[in-house]
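Asker: Quick one, target.cif (mmCIF, C-alpha atoms and all ligand atoms):
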data_final
loop_
_atom_site.label_atom_id
_atom_site.label_comp_id
_atom_site.auth_asym_id
_atom_site.auth_seq_id
_atom_site.Cartn_x
_atom_site.Cartn_y
_atom_site.Cartn_z
CA MET H 1 68.51 104.33 128.66
CA LEU H 2 66.09 101.75 127.29
CA TYR H 3 68.11 101.77 124.10
CA CYS H 4 71.28 101.04 126.07
CA ILE H 5 69.68 98.17 127.92
CA ILE H 6 68.40 96.65 124.68
CA LEU H 7 71.88 96.91 123.15
CA GLN H 8 73.44 95.28 126.20
CA GLU H 9 70.94 92.46 126.00
CA LEU H 10 71.80 92.06 122.34
CA GLN H 11 75.50 91.98 123.22
CA SER H 12 75.06 89.22 125.83
CA ASN H 13 72.89 87.18 123.45
CA LEU H 14 75.54 87.41 120.75
CA GLN H 15 78.15 86.35 123.31
CA CYS H 16 76.04 83.27 124.04
CA LEU H 17 76.23 82.52 120.32
CA GLY H 18 80.02 82.65 120.56
CA LEU H 19 80.49 86.18 119.20
CA HIS H 20 82.52 87.98 121.86
CA PHE H 21 82.76 91.73 122.37
CA ARG H 22 85.31 93.42 124.62
CA ALA H 23 83.68 93.64 128.03
CA ALA H 24 82.52 97.19 128.66
CA SER H 25 80.86 98.63 131.71
CA ARG H 26 77.26 99.75 131.36
CA ARG H 27 78.46 103.34 131.76
CA ASP H 28 81.04 103.11 128.94
CA TRP H 29 78.65 101.27 126.71
CA CYS H 30 76.05 103.98 127.09
CA VAL H 31 78.59 106.79 126.66
CA MET H 32 79.76 105.28 123.40
CA THR H 33 76.49 104.18 121.89
CA SER H 34 73.72 106.37 123.24
CA PRO H 35 71.94 108.26 120.45
CA HIS H 36 72.15 111.35 122.67
CA ASN H 37 75.93 111.11 122.81
CA LYS H 38 77.39 110.91 119.33
CA ILE H 39 81.03 111.54 120.21
CA ARG H 40 83.36 109.15 118.40
CA PRO H 41 86.83 109.45 120.00
CA LEU H 42 88.10 106.14 118.63
CA ALA H 43 87.03 106.94 115.06
CA LEU H 44 88.73 110.34 115.37
CA ALA H 45 91.90 108.73 116.73
CA LYS H 46 92.04 106.26 113.83
CA TRP H 47 91.51 109.06 111.32
CA LEU H 48 94.36 111.09 112.89
CA TYR H 49 96.69 108.07 112.74
CA CYS H 50 95.92 107.80 109.01
CA VAL H 51 96.69 111.49 108.48
CA ALA H 52 99.92 111.06 110.50
CA ALA H 53 100.92 108.18 108.19
CA MET H 54 100.31 110.45 105.19
CA VAL H 55 102.53 113.11 106.79
CA VAL H 56 105.34 110.56 107.21
CA LEU H 57 104.92 109.68 103.53
CA ILE H 58 105.08 113.29 102.37
CA VAL H 59 108.23 113.83 104.46
CA VAL H 60 109.80 110.92 102.53
CA VAL H 61 108.66 112.36 99.18
CA GLY H 62 110.00 115.76 100.31
CA GLY H 63 113.37 114.10 100.96
CA ILE H 64 113.39 112.57 97.47
CA THR H 65 112.41 115.94 95.98
CA ARG H 66 115.31 117.67 97.75
CA LEU H 67 117.89 114.99 97.01
CA THR H 68 117.02 114.80 93.30
CA GLU H 69 117.32 118.62 93.10
CA SER H 70 113.69 118.76 91.98
CA GLY H 71 112.38 121.43 94.36
CA LEU H 72 112.76 124.45 92.06
CA SER H 73 111.28 122.89 88.93
CA ILE H 74 107.81 124.46 89.40
CA THR H 75 108.28 128.19 89.55
CA GLN H 76 104.74 129.24 90.53
CA TRP H 77 102.32 128.59 93.34
CA GLN H 78 98.92 127.59 91.96
CA PRO H 79 97.08 125.81 94.78
CA VAL H 80 94.09 124.86 92.58
CA THR H 81 95.14 124.81 88.92
CA GLY H 82 98.51 123.27 89.78
CA VAL H 83 96.78 119.94 90.45
CA LEU H 84 97.19 119.04 86.79
CA PRO H 85 100.69 118.56 85.36
CA PRO H 86 101.34 119.74 81.78
CA LEU H 87 99.26 117.55 79.48
CA ASP H 88 100.71 118.45 76.08
CA GLU H 89 104.14 119.17 74.66
CA ALA H 90 103.48 122.91 74.28
CA THR H 91 102.70 123.27 78.01
CA TRP H 92 105.78 121.23 78.90
CA LEU H 93 107.92 123.59 76.83
CA THR H 94 106.36 126.63 78.54
CA GLU H 95 107.13 125.16 81.99
CA TYR H 96 110.64 124.23 80.89
CA ASP H 97 111.22 127.79 79.65
CA LYS H 98 110.23 129.16 83.05
CA TYR H 99 112.67 126.81 84.74
CA ARG H 100 115.41 127.76 82.26
CA ALA H 101 115.15 131.32 83.53
CA THR H 102 116.00 130.29 87.13
CA PRO H 103 119.49 130.70 88.59
CA GLU H 104 119.56 126.95 89.33
CA PHE H 105 119.24 126.16 85.63
CA ILE H 106 121.54 128.97 84.48
CA TYR H 107 124.41 128.13 86.83
CA GLU H 108 123.99 124.38 87.43
CA ALA H 109 121.43 122.29 85.56
CA GLY H 110 121.98 123.98 82.19
CA PRO H 111 125.79 123.71 82.18
CA ALA H 112 125.42 120.09 83.40
CA GLY H 113 123.46 119.37 80.19
CA MET H 114 119.86 119.04 81.39
CA THR H 115 117.38 117.86 78.73
CA LEU H 116 113.58 118.17 78.54
CA ALA H 117 113.31 114.53 79.67
CA ASP H 118 115.47 115.31 82.73
CA PHE H 119 113.24 118.29 83.44
CA LYS H 120 110.11 116.11 83.29
CA PHE H 121 111.68 113.81 85.90
CA ILE H 122 112.41 116.58 88.41
CA PHE H 123 109.05 118.21 87.68
CA PHE H 124 107.31 114.93 88.60
CA TRP H 125 108.76 114.83 92.12
CA GLU H 126 107.91 118.45 92.93
CA TRP H 127 104.44 118.07 91.44
CA PHE H 128 103.85 114.80 93.35
CA HIS H 129 105.04 116.40 96.60
CA ARG H 130 102.62 119.31 96.14
CA LEU H 131 99.80 116.92 95.14
CA MET H 132 100.32 114.94 98.34
CA GLY H 133 100.13 118.18 100.31
CA ARG H 134 96.73 118.89 98.75
CA LEU H 135 95.53 115.33 99.40
CA ILE H 136 96.55 115.54 103.06
CA GLY H 137 94.69 118.85 103.31
CA LEU H 138 91.54 117.17 101.96
CA ALA H 139 92.03 114.03 104.08
CA PHE H 140 92.09 116.29 107.11
CA ALA H 141 89.53 118.97 106.27
CA LEU H 142 86.70 116.81 104.89
CA PRO H 143 86.45 114.27 107.74
CA LEU H 144 86.91 117.14 110.21
CA MET H 145 83.83 118.84 108.78
CA TRP H 146 81.90 115.59 108.80
CA PHE H 147 82.78 114.80 112.44
CA TRP H 148 81.95 118.38 113.38
CA VAL H 149 78.55 118.42 111.66
CA ARG H 150 77.65 115.10 113.27
CA GLY H 151 78.68 116.32 116.72
CA ALA H 152 81.21 113.51 116.98
CA ILE H 153 84.10 115.62 118.30
CA PRO H 154 84.54 115.37 122.08
CA LYS H 155 84.34 118.56 124.11
CA GLY H 156 87.53 120.64 124.03
CA TYR H 157 89.04 118.99 120.93
CA THR H 158 87.61 121.21 118.18
CA PRO H 159 90.10 124.10 118.66
CA ARG H 160 92.98 121.64 118.69
CA LEU H 161 91.84 120.00 115.46
CA ILE H 162 91.36 123.40 113.82
CA ALA H 163 94.86 124.39 114.96
CA LEU H 164 96.24 121.24 113.31
CA LEU H 165 94.37 122.10 110.11
CA ALA H 166 95.79 125.63 110.23
CA LEU H 167 99.30 124.20 110.69
CA GLY H 168 98.76 122.17 107.53
CA GLY H 169 97.67 125.27 105.62
CA LEU H 170 100.65 127.21 106.96
CA GLN H 171 102.90 124.40 105.79
CA GLY H 172 101.74 125.03 102.21
CA VAL H 173 102.64 128.72 102.60
CA PHE H 174 106.05 127.87 104.11
CA GLY H 175 106.67 125.43 101.28
CA TRP H 176 106.07 128.15 98.71
CA LEU H 177 108.20 130.71 100.60
CA MET H 178 110.96 128.10 100.67
CA VAL H 179 110.73 127.57 96.90
CA ARG H 180 110.62 131.34 96.31
CA SER H 181 113.81 131.78 98.33
CA GLY H 182 115.60 129.68 95.73
CA LEU H 183 114.35 131.51 92.66
CA SER H 184 115.95 134.90 93.13
CA GLY H 185 119.40 136.44 92.73
CA GLN H 186 122.19 133.92 92.34
CA MET H 187 120.56 131.22 94.50
CA THR H 188 120.95 127.71 93.09
CA ASP H 189 119.24 126.13 96.10
CA VAL H 190 116.52 127.13 98.54
CA SER H 191 117.46 128.92 101.75
CA HIS H 192 118.41 126.40 104.43
CA PHE H 193 116.47 128.51 106.95
CA TRP H 194 113.24 128.09 104.98
CA LEU H 195 113.99 124.43 104.44
CA SER H 196 114.34 123.91 108.19
CA ILE H 197 111.10 125.81 108.90
CA HIS H 198 109.28 123.67 106.31
CA LEU H 199 110.68 120.37 107.62
CA LEU H 200 110.29 121.18 111.32
CA THR H 201 106.71 122.39 110.87
CA ALA H 202 105.92 119.04 109.21
CA LEU H 203 107.53 117.16 112.10
CA PHE H 204 105.78 119.32 114.70
CA THR H 205 102.43 118.68 112.97
CA LEU H 206 103.20 114.96 113.00
CA GLY H 207 103.88 115.08 116.74
CA GLY H 208 100.63 117.03 117.29
CA LEU H 209 98.61 114.48 115.31
CA ILE H 210 100.05 111.55 117.27
CA TRP H 211 99.57 113.33 120.61
CA THR H 212 95.94 114.20 119.85
CA ALA H 213 95.19 110.70 118.54
CA LEU H 214 96.58 109.22 121.76
CA ASP H 215 94.46 111.56 123.87
CA LEU H 216 91.38 110.50 121.91
CA ARG H 217 92.26 106.83 122.17
CA ASN H 218 92.54 107.18 125.95
CA LEU H 219 89.21 108.98 126.00
CA ALA H 220 87.62 106.11 124.07
CA ALA H 221 89.00 103.62 126.59
CA ASP H 222 88.07 105.70 129.63
CA PRO H 223 85.43 108.42 129.08
CA GLY H 224 86.60 110.15 132.27
CA SER H 225 90.22 110.54 131.12
CA ARG H 226 91.83 113.95 130.68
CA PRO H 227 94.29 115.01 127.95
CA ALA H 228 97.96 114.32 128.70
CA ARG H 229 100.09 117.24 129.82
CA LEU H 230 103.63 118.20 128.86
CA THR H 231 105.96 117.27 131.72
CA GLY H 232 109.27 119.02 132.48
CA ILE H 233 111.30 115.99 131.37
CA SER H 234 109.38 115.74 128.11
CA ALA H 235 109.88 119.44 127.37
CA LEU H 236 113.62 119.05 127.93
CA VAL H 237 113.85 115.97 125.71
CA ALA H 238 111.79 117.73 123.02
CA ALA H 239 114.15 120.73 123.16
CA VAL H 240 117.25 118.52 122.78
CA LEU H 241 115.65 116.65 119.87
CA PHE H 242 114.55 119.93 118.30
CA VAL H 243 118.20 121.11 118.20
CA GLN H 244 119.23 117.85 116.51
CA LEU H 245 116.44 118.10 113.93
CA LEU H 246 117.28 121.75 113.24
CA LEU H 247 120.96 120.91 112.77
CA GLY H 248 119.96 118.02 110.49
CA ALA H 249 117.74 120.29 108.39
CA TRP H 250 120.54 122.85 108.05
CA VAL H 251 123.04 120.11 107.13
CA ALA H 252 120.58 118.94 104.47
CA GLY H 253 119.81 122.48 103.25
CA LEU H 254 123.49 123.42 102.92
CA ASN H 255 124.43 120.05 101.32
CA ALA H 256 126.78 119.76 104.28
CA GLY H 257 126.59 115.97 104.20
CA HIS H 258 129.30 116.32 101.56
CA ALA H 259 131.61 118.18 103.96
CA SER H 260 133.14 114.85 104.93
CA TYR H 261 132.67 111.21 103.99
CA ASP H 262 134.51 109.68 106.95
CA TRP H 263 133.31 108.85 110.46
CA PRO H 264 133.98 109.36 113.36
CA LEU H 265 136.72 111.72 112.13
CA MET H 266 135.92 114.49 109.66
CA ASN H 267 138.42 114.52 106.83
CA GLY H 268 140.88 112.86 109.18
CA ARG H 269 140.35 115.39 111.99
CA LEU H 270 138.31 115.18 115.17
CA VAL H 271 137.29 118.84 114.95
CA PRO H 272 137.04 120.36 111.45
CA GLU H 273 138.46 123.73 110.46
CA VAL H 274 135.77 126.37 110.95
CA ASP H 275 135.35 129.51 108.86
CA LEU H 276 135.33 132.26 111.49
CA ARG H 277 135.92 135.22 109.16
CA GLN H 278 132.38 136.45 109.77
CA GLY H 279 132.22 135.55 113.45
CA TRP H 280 130.83 132.66 115.50
CA LEU H 281 127.16 133.47 114.95
CA TRP H 282 127.57 133.28 111.18
CA ALA H 283 129.62 130.09 111.51
CA LEU H 284 127.00 128.50 113.77
CA THR H 285 124.27 129.18 111.24
CA HIS H 286 126.09 128.85 107.90
CA ASP H 287 129.37 126.94 108.06
CA PRO H 288 128.77 123.46 106.57
CA TYR H 289 131.74 121.89 108.36
CA LEU H 290 130.76 123.19 111.79
CA LEU H 291 127.08 122.30 111.33
CA HIS H 292 127.91 118.80 110.09
CA PHE H 293 130.26 118.37 113.09
CA LEU H 294 127.60 119.57 115.55
CA HIS H 295 124.89 117.36 114.00
CA ARG H 296 126.97 114.19 114.22
CA TRP H 297 127.98 114.81 117.87
CA TRP H 298 124.81 116.42 119.25
CA ALA H 299 123.19 113.13 118.15
CA TRP H 300 124.68 111.47 121.25
CA ILE H 301 123.19 114.10 123.55
CA ALA H 302 119.85 113.49 121.83
CA VAL H 303 120.33 109.73 122.35
CA ALA H 304 121.03 110.25 126.08
CA ALA H 305 117.88 112.39 126.43
CA LEU H 306 115.79 109.84 124.54
CA ILE H 307 117.07 106.97 126.68
CA TRP H 308 116.12 109.00 129.75
CA LEU H 309 112.57 109.46 128.43
CA ALA H 310 112.31 105.81 127.36
CA ARG H 311 113.39 104.63 130.81
CA LYS H 312 110.78 106.87 132.45
CA VAL H 313 107.95 105.36 130.42
CA ARG H 314 109.20 101.77 130.21
CA HIS H 315 107.23 100.53 133.20
CA ILE H 316 104.03 102.27 132.00
CA ASP H 317 104.03 101.33 128.31
CA ARG H 318 106.93 99.19 127.22
CA ARG H 319 105.98 99.54 123.54
CA ALA H 320 106.67 103.28 123.57
CA SER H 321 110.10 102.66 125.09
CA VAL H 322 110.90 100.00 122.47
CA ALA H 323 109.74 102.34 119.68
CA ILE H 324 112.02 105.16 120.89
CA HIS H 325 115.06 102.88 121.26
CA SER H 326 114.52 101.29 117.84
CA ALA H 327 113.96 104.60 116.07
CA PHE H 328 117.06 106.37 117.41
CA GLY H 329 119.22 103.25 116.98
CA ILE H 330 118.31 102.93 113.30
CA GLN H 331 118.54 106.71 112.83
CA ILE H 332 122.12 106.83 114.12
CA LEU H 333 123.18 103.95 111.88
CA LEU H 334 121.50 105.56 108.87
CA GLY H 335 123.19 108.91 109.64
CA ILE H 336 126.63 107.27 109.72
CA ALA H 337 125.88 105.25 106.57
CA THR H 338 124.66 108.42 104.81
CA VAL H 339 127.99 110.11 105.56
CA MET H 340 130.15 107.12 104.64
CA THR H 341 128.41 106.54 101.29
CA GLY H 342 128.79 110.17 100.23
CA VAL H 343 125.06 110.87 100.83
CA ALA H 344 123.64 107.94 98.84
CA LEU H 345 120.10 108.94 97.88
CA TRP H 346 118.15 106.06 99.43
CA LEU H 347 120.11 106.16 102.67
CA ALA H 348 119.58 109.90 103.00
CA VAL H 349 115.86 109.41 102.30
CA ALA H 350 115.71 106.60 104.88
CA HIS H 351 117.43 108.96 107.36
CA GLN H 352 114.68 111.48 106.70
CA LEU H 353 112.02 108.76 107.14
CA PHE H 354 113.44 107.59 110.46
CA GLY H 355 113.79 111.20 111.61
CA ALA H 356 110.00 111.44 111.23
CA LEU H 357 109.42 108.04 112.88
CA LEU H 358 111.65 109.09 115.77
CA VAL H 359 109.53 112.21 116.25
CA ALA H 360 106.38 110.05 116.28
CA ALA H 361 107.91 107.62 118.80
CA THR H 362 109.11 110.49 120.99
CA ALA H 363 105.65 112.11 120.92
CA TRP H 364 104.25 108.76 122.03
CA GLY H 365 106.75 108.50 124.90
CA MET H 366 106.12 112.10 125.96
CA HIS H 367 102.40 111.44 125.91
CA VAL H 368 102.75 108.33 128.06
CA ALA H 369 104.83 110.38 130.52
CA GLY H 370 102.14 113.07 130.60
CA VAL H 371 99.16 110.89 131.46
CA PRO H 372 98.39 110.88 135.24
CA SER H 373 99.21 107.50 136.82
CA THR H 374 95.59 107.03 138.03
CA GLN H 375 94.50 107.12 134.39
CA HIS H 376 97.08 104.51 133.40
CA ASP H 377 95.70 102.25 136.13
CA ALA H 378 92.14 102.79 134.89
CA ARG H 379 93.15 102.05 131.31
CA LYS H 380 95.00 98.88 132.30
CA ALA H 381 91.99 97.71 134.30
CA HIS H 382 89.78 98.44 131.31
CA SER H 383 91.82 96.57 128.69
C1 LIG H 401 119.16 111.15 116.88
C2 LIG H 401 119.91 111.20 115.83
C3 LIG H 401 119.64 111.94 114.55
C4 LIG H 401 118.53 112.64 114.15
C5 LIG H 401 117.21 112.83 114.88
C6 LIG H 401 118.84 113.18 112.84
C7 LIG H 401 117.96 113.96 112.07
C8 LIG H 401 118.26 114.48 110.84
C9 LIG H 401 117.35 115.25 110.05
C10 LIG H 401 115.92 115.62 110.44
C11 LIG H 401 117.98 115.58 108.90
C12 LIG H 401 117.43 116.43 107.75
C13 LIG H 401 116.73 115.66 106.73
C14 LIG H 401 117.38 114.36 106.37
O1 LIG H 401 117.16 113.41 107.13
O2 LIG H 401 118.07 114.25 105.37
C15 LIG H 401 119.30 115.02 108.95
C16 LIG H 401 120.23 115.12 107.95
C17 LIG H 401 121.46 114.53 107.99
N1 LIG H 401 122.00 113.79 109.02
FE1 LIG H 401 121.07 113.30 110.75
N2 LIG H 401 120.11 112.81 112.48
C18 LIG H 401 120.63 112.06 113.50
C19 LIG H 401 121.89 111.51 113.54
C20 LIG H 401 122.85 111.63 112.57
C21 LIG H 401 124.19 111.09 112.64
C22 LIG H 401 124.77 110.32 113.83
C23 LIG H 401 124.82 111.42 111.49
C24 LIG H 401 126.21 111.14 111.01
C25 LIG H 401 127.17 110.68 111.71
C26 LIG H 401 123.88 112.17 110.67
C27 LIG H 401 124.13 112.66 109.42
C28 LIG H 401 123.26 113.40 108.66
C29 LIG H 401 123.55 113.89 107.32
C30 LIG H 401 124.82 113.68 106.55
C31 LIG H 401 122.43 114.57 106.90
C32 LIG H 401 122.20 115.28 105.55
C33 LIG H 401 121.67 114.26 104.60
C34 LIG H 401 121.11 114.87 103.34
O3 LIG H 401 121.71 115.77 102.77
O4 LIG H 401 120.06 114.39 102.93
N3 LIG H 401 122.69 112.28 111.37
N4 LIG H 401 119.44 114.35 110.15
#
In structure tokens, write the structure found in this file.
Answerer:
Amino acid sequence: MLYCIILQELQSNLQCLGLHFRAASRRDWCVMTSPHNKIRPLALAKWLYCVAAMVVLIVVVGGITRLTESGLSITQWQPVTGVLPPLDEATWLTEYDKYRATPEFIYEAGPAGMTLADFKFIFFWEWFHRLMGRLIGLAFALPLMWFWVRGAIPKGYTPRLIALLALGGLQGVFGWLMVRSGLSGQMTDVSHFWLSIHLLTALFTLGGLIWTALDLRNLAADPGSRPARLTGISALVAAVLFVQLLLGAWVAGLNAGHASYDWPLMNGRLVPEVDLRQGWLWALTHDPYLLHFLHRWWAWIAVAALIWLARKVRHIDRRASVAIHSAFGIQILLGIATVMTGVALWLAVAHQLFGALLVAATAWGMHVAGVPSTQHDARKAHS
């Protein structure tokens, strides 16, 4: 207590000298600075935002890896030794030989005339993508340990942070299972099911990081605040967006962007011809024309749901509403441009980037909707 009083005195003296701190109540000040209470919610929130930014970046690199057909260039999973790329010509040739034995090389890259230099290019993207995965793992695990050891994690948050770490580890496993699905039989690409699991797990982790960071930020502003809860509206919006993301991942995994280069019609028709020889269930999960059609039109249902959410939160935090509107607006335009340019690489990558940013913005809006109104009032009074 004496320590707190001394620090408050120091604060007011510095204010007299013209150095202003944000006004904090004696209670908050003591909660945040007392040597007996080492919890650091704001530091944790900032760290989680940084990790979230890294996840957005790896999603972009993942998009480049997929669109440059680089994903199958490394045929093994070596979490530790794989950090180093081949460093001499002999090792490059060994890696190239392994790739030459894959169906992708035999049926596609080889006949298309791939050279060792081309191989080095695709190897780089897959290697860089995996390296970023490792770096994110370290950027999460090491500070987590440090915060834990120092007792800086607020009560109730440790299991959530460990769950996020586990999701990251699982993502590495899913990534490898995805690659493995493309190395057997006659496969010249990875399975679109594994691709969607890999992409959606990344996006779910991103949403979890943002949500937890926002909870911690609120806790820093108001030590009495409770974590946000998932409201019914938010769950519905998340479900609608999930369908759109899943359809998008399947379109990407099946190269179904190439099913049509016109918009709003598809090859001059409103509804494309669907291959029903193996039934509706097969068509709904495999037919590139049907999935492309569903993705481009379900987008409007997703937009309606997102507008609904944005309107709900507009009066509480206008910035979240603006973020949602901007993200889906740009995402729709990028989707249409991707189609009309015949899946131009940078547009498709930008579409993947804004897909991730839209998830982050939606998580923000859902979080705002899930914070009790009394807490919003307290936070506003505090800031
Ligand atoms: C809320 C709206 C939308 C969301 C959240 C969304 C999300 C996604 C996601 C997550 C993917 C997979 C990865 C990637 O981005 O390449 C994807 C792929 C794709 N989307 Fe969308 N999308 C939306 C709207 C649209 C629209 C309106 C169109 C076209 C009219 C479109 C066309 C495409 C195409 C062609 C691909 C495959 C691109 C590729 O192969 O890389 N999307 N979308």
Asker: Produce as a list in words the set of residues near ligand LIG 401 (chain H), where near means within 6 Å with all atoms listed in the file considered.
Answerer: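 My answer, listing the contacting residues, is Gln244, Leu245, Gly248, Ala249, Val251, Ala252, Asn255, Gly257, Arg296, Ala299, Ala302, Val303, Phe328, Gln331, Ile332, Gly335, Ile336, Thr338, Val339, Ala348, His351, Gln352 and Gly355 of chain H.
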Asker: Using all atoms listed in the file, can you tell me which of H:Ala45, H:Ala235, H:Leu353, H:Ala166 comes closest to Gly63 in chain H?
Answerer: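 Under the stated criterion, the closest residue is H:Leu353.
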Asker: Quick one, how far is CA of Leu42 in chain H from CA of Ala356 in chain H?
Answerer: 23.7 Å
Asker: Could you please give me, as a list in words, the residues of protein, DNA or RNA lying at most 9 Å from (105.4, 124.2, 107.4) in the coordinate frame of the file, considering all atoms listed in the file?
Answerer: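 Output: Leu167, Gly168, Gly169, Leu170, Gln171, Gly172, Val173, Phe174, Gly175, Ser196, Ile197, His198, Leu199, Leu200, Thr201, Ala202, Leu203, Phe204 and Thr205 of chain H.
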Asker: Kindly indicate which residue among H:Leu357, H:Ala283, H:Leu48, H:Ala363 lies nearest to Leu230 in chain H, using only C-alpha atoms for the distances.
Answerer: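 The shortest atom-to-atom distance to Leu230 in chain H comes from H:Ala363.
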Asker: Find, counting all atoms listed in the file, the residue in H:Asp118, H:Asp215, H:Asp287, H:Glu108 that gets nearest to Gly156 in chain H.
Answerer: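 Looking at the shortest contact to Gly156 in chain H, the residue is H:Asp215.
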Asker: Hey, can you pull every residue with an atom no more than 12 Å from (112.2, 101.6, 114.5), using all atoms listed in the file, and send it as a list in words?
Answerer: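 Residues with an atom at most 12 Å from (112.2, 101.6, 114.5): Arg319, Ala320, Ser321, Val322, Ala323, Ile324, His325, Ser326, Ala327, Phe328, Gly329, Ile330, Gln331, Ile332, Leu333, Leu334, Ala350, His351, Leu353, Phe354, Gly355, Ala356, Leu357, Leu358, Val359, Ala360, Ala361 and Thr362 of chain H.
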Asker: If we count only C-alpha atoms and set the cut-off at 8 Å, which residues sit around Ser260 in chain H, ignoring sequence neighbours fewer than 4 positions away in its own chain? Please answer as a PyMOL selection string.
Answerer: chain H and resi 266-267+289+339+342
Asker: As an exercise, work out the distance from CA of Leu306 in chain H to CA of Leu214 in chain H in Å and give it to one decimal place.
Answerer: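 Separating CA of Leu306 in chain H from CA of Leu214 in chain H is a distance of 19.4 Å.
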Asker: Point out the residue among H:Ile58, H:Val313, H:Leu290, H:Leu195 with the least atom-to-atom distance to Arg180 in chain H, counting only C-alpha atoms.
Answerer: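 Ranked by minimum distance to Arg180 in chain H, first place goes to H:Leu195.
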Asker: Determine the nearest neighbour of Trp211 in chain H from the options H:Leu284, H:Ala228, H:Leu247, H:Leu87, counting all atoms listed in the file.
Answerer: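 Comparing H:Leu284, H:Ala228, H:Leu247, H:Leu87 against Trp211 in chain H, the winner is H:Ala228.
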Asker: Smallest atom-to-atom distance to Leu177 in chain H: which of H:His292, H:Met340, H:Gln278, H:Gly71, using only C-alpha atoms?
Answerer: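 Closest to Leu177 in chain H, using only C-alpha atoms: H:Gly71.
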Asker: Any idea what's packed within 8 Å of Asp189 in chain H, counting all atoms listed in the file, ignoring anything in its chain fewer than 3 positions away? Could you give it as a list in words?
Answerer: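 Returned residues: Leu72, Glu104 and Gly182 of chain H.
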Asker: Would you mind exporting C-alpha atoms of the selected residues as a CSV table (one decimal), in the frame of the given file?
Answerer:
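Below is the file that was written, result08.csv:
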chain,number,residue,atom,x,y,z
H,72,LEU,CA,112.8,124.4,92.1
H,104,GLU,CA,119.6,127.0,89.3
H,182,GLY,CA,115.6,129.7,95.7
Asker: With all atoms listed in the file as the counted atoms, please give the residues lying no more than 12 Å from Leu138 in chain H, apart from itself and same-chain residues fewer than 4 positions off, as JSON, numbers by chain.
Answerer: {"H": [51, 54, 131, 132, 133, 134, 142, 143, 144, 145, 146, 165, 168, 169]}
Asker: With C-alpha atoms kept, could you save the residues just selected as a compact mmCIF listing (two decimals), keeping the file's coordinate frame?
Answerer:
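Generated file (part17.txt):
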# COMPACT_ATOMS: atom_id res chain seq x y z
CA VAL H 51 96.69 111.49 108.48
CA MET H 54 100.31 110.45 105.19
CA LEU H 131 99.80 116.92 95.14
CA MET H 132 100.32 114.94 98.34
CA GLY H 133 100.13 118.18 100.31
CA ARG H 134 96.73 118.89 98.75
CA LEU H 142 86.70 116.81 104.89
CA PRO H 143 86.45 114.27 107.74
CA LEU H 144 86.91 117.14 110.21
CA MET H 145 83.83 118.84 108.78
CA TRP H 146 81.90 115.59 108.80
CA LEU H 165 94.37 122.10 110.11
CA GLY H 168 98.76 122.17 107.53
CA GLY H 169 97.67 125.27 105.62
Asker: Excluding range 88-96 of chain H and any residue of its chain fewer than 3 positions from it, enumerate the residues within 7 Å of it, using all atoms listed in the file, and give them as an mmCIF file with C-alpha atoms, keeping the file's coordinate frame.
Answerer:
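Wrote selection_24.cif, looks like this:
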data_model
loop_
_atom_site.group_PDB
_atom_site.id
_atom_site.type_symbol
_atom_site.label_atom_id
_atom_site.label_comp_id
_atom_site.auth_asym_id
_atom_site.auth_seq_id
_atom_site.Cartn_x
_atom_site.Cartn_y
_atom_site.Cartn_z
ATOM 1 C CA TYR H 99 112.670 126.810 84.740
ATOM 2 C CA ARG H 100 115.410 127.760 82.260
ATOM 3 C CA PHE H 119 113.240 118.290 83.440
#
Asker: Report, in Å to a single decimal, how far apart CA of Ser73 in chain H and CA of Lys120 in chain H are.
Answerer: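 For CA of Lys120 in chain H relative to CA of Ser73 in chain H, the distance reads 8.9 Å.
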Asker: Just write range 38-58 of chain H with C-alpha atoms, as a JSON list (two decimals), in the first residue's frame, taken from the block above.
Answerer:
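Listing of decode_16.json after writing:
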[["chain", "number", "residue", "atom", "x", "y", "z"],
["H", 38, "LYS", "CA", 2.15, -9.01, -11.10],
["H", 39, "ILE", "CA", -0.59, -9.67, -13.64],
["H", 40, "ARG", "CA", 0.07, -7.89, -16.94],
["H", 41, "PRO", "CA", -3.13, -8.06, -19.03],
["H", 42, "LEU", "CA", -2.13, -5.22, -21.35],
["H", 43, "ALA", "CA", 1.29, -6.71, -22.10],
["H", 44, "LEU", "CA", -0.38, -10.06, -22.81],
["H", 45, "ALA", "CA", -2.94, -8.40, -25.09],
["H", 46, "LYS", "CA", -0.20, -6.64, -27.07],
["H", 47, "TRP", "CA", 1.75, -9.88, -27.41],
["H", 48, "LEU", "CA", -1.37, -11.70, -28.70],
["H", 49, "TYR", "CA", -2.00, -8.94, -31.27],
["H", 50, "CYS", "CA", 1.58, -9.44, -32.53],
["H", 51, "VAL", "CA", 1.05, -13.20, -32.83],
["H", 52, "ALA", "CA", -2.27, -12.55, -34.63],
["H", 53, "ALA", "CA", -0.42, -10.31, -37.12],
["H", 54, "MET", "CA", 2.06, -13.14, -37.72],
["H", 55, "VAL", "CA", -0.84, -15.53, -38.35],
["H", 56, "VAL", "CA", -2.28, -13.14, -40.96],
["H", 57, "LEU", "CA", 1.16, -13.05, -42.60],
["H", 58, "ILE", "CA", 1.49, -16.83, -42.70]]
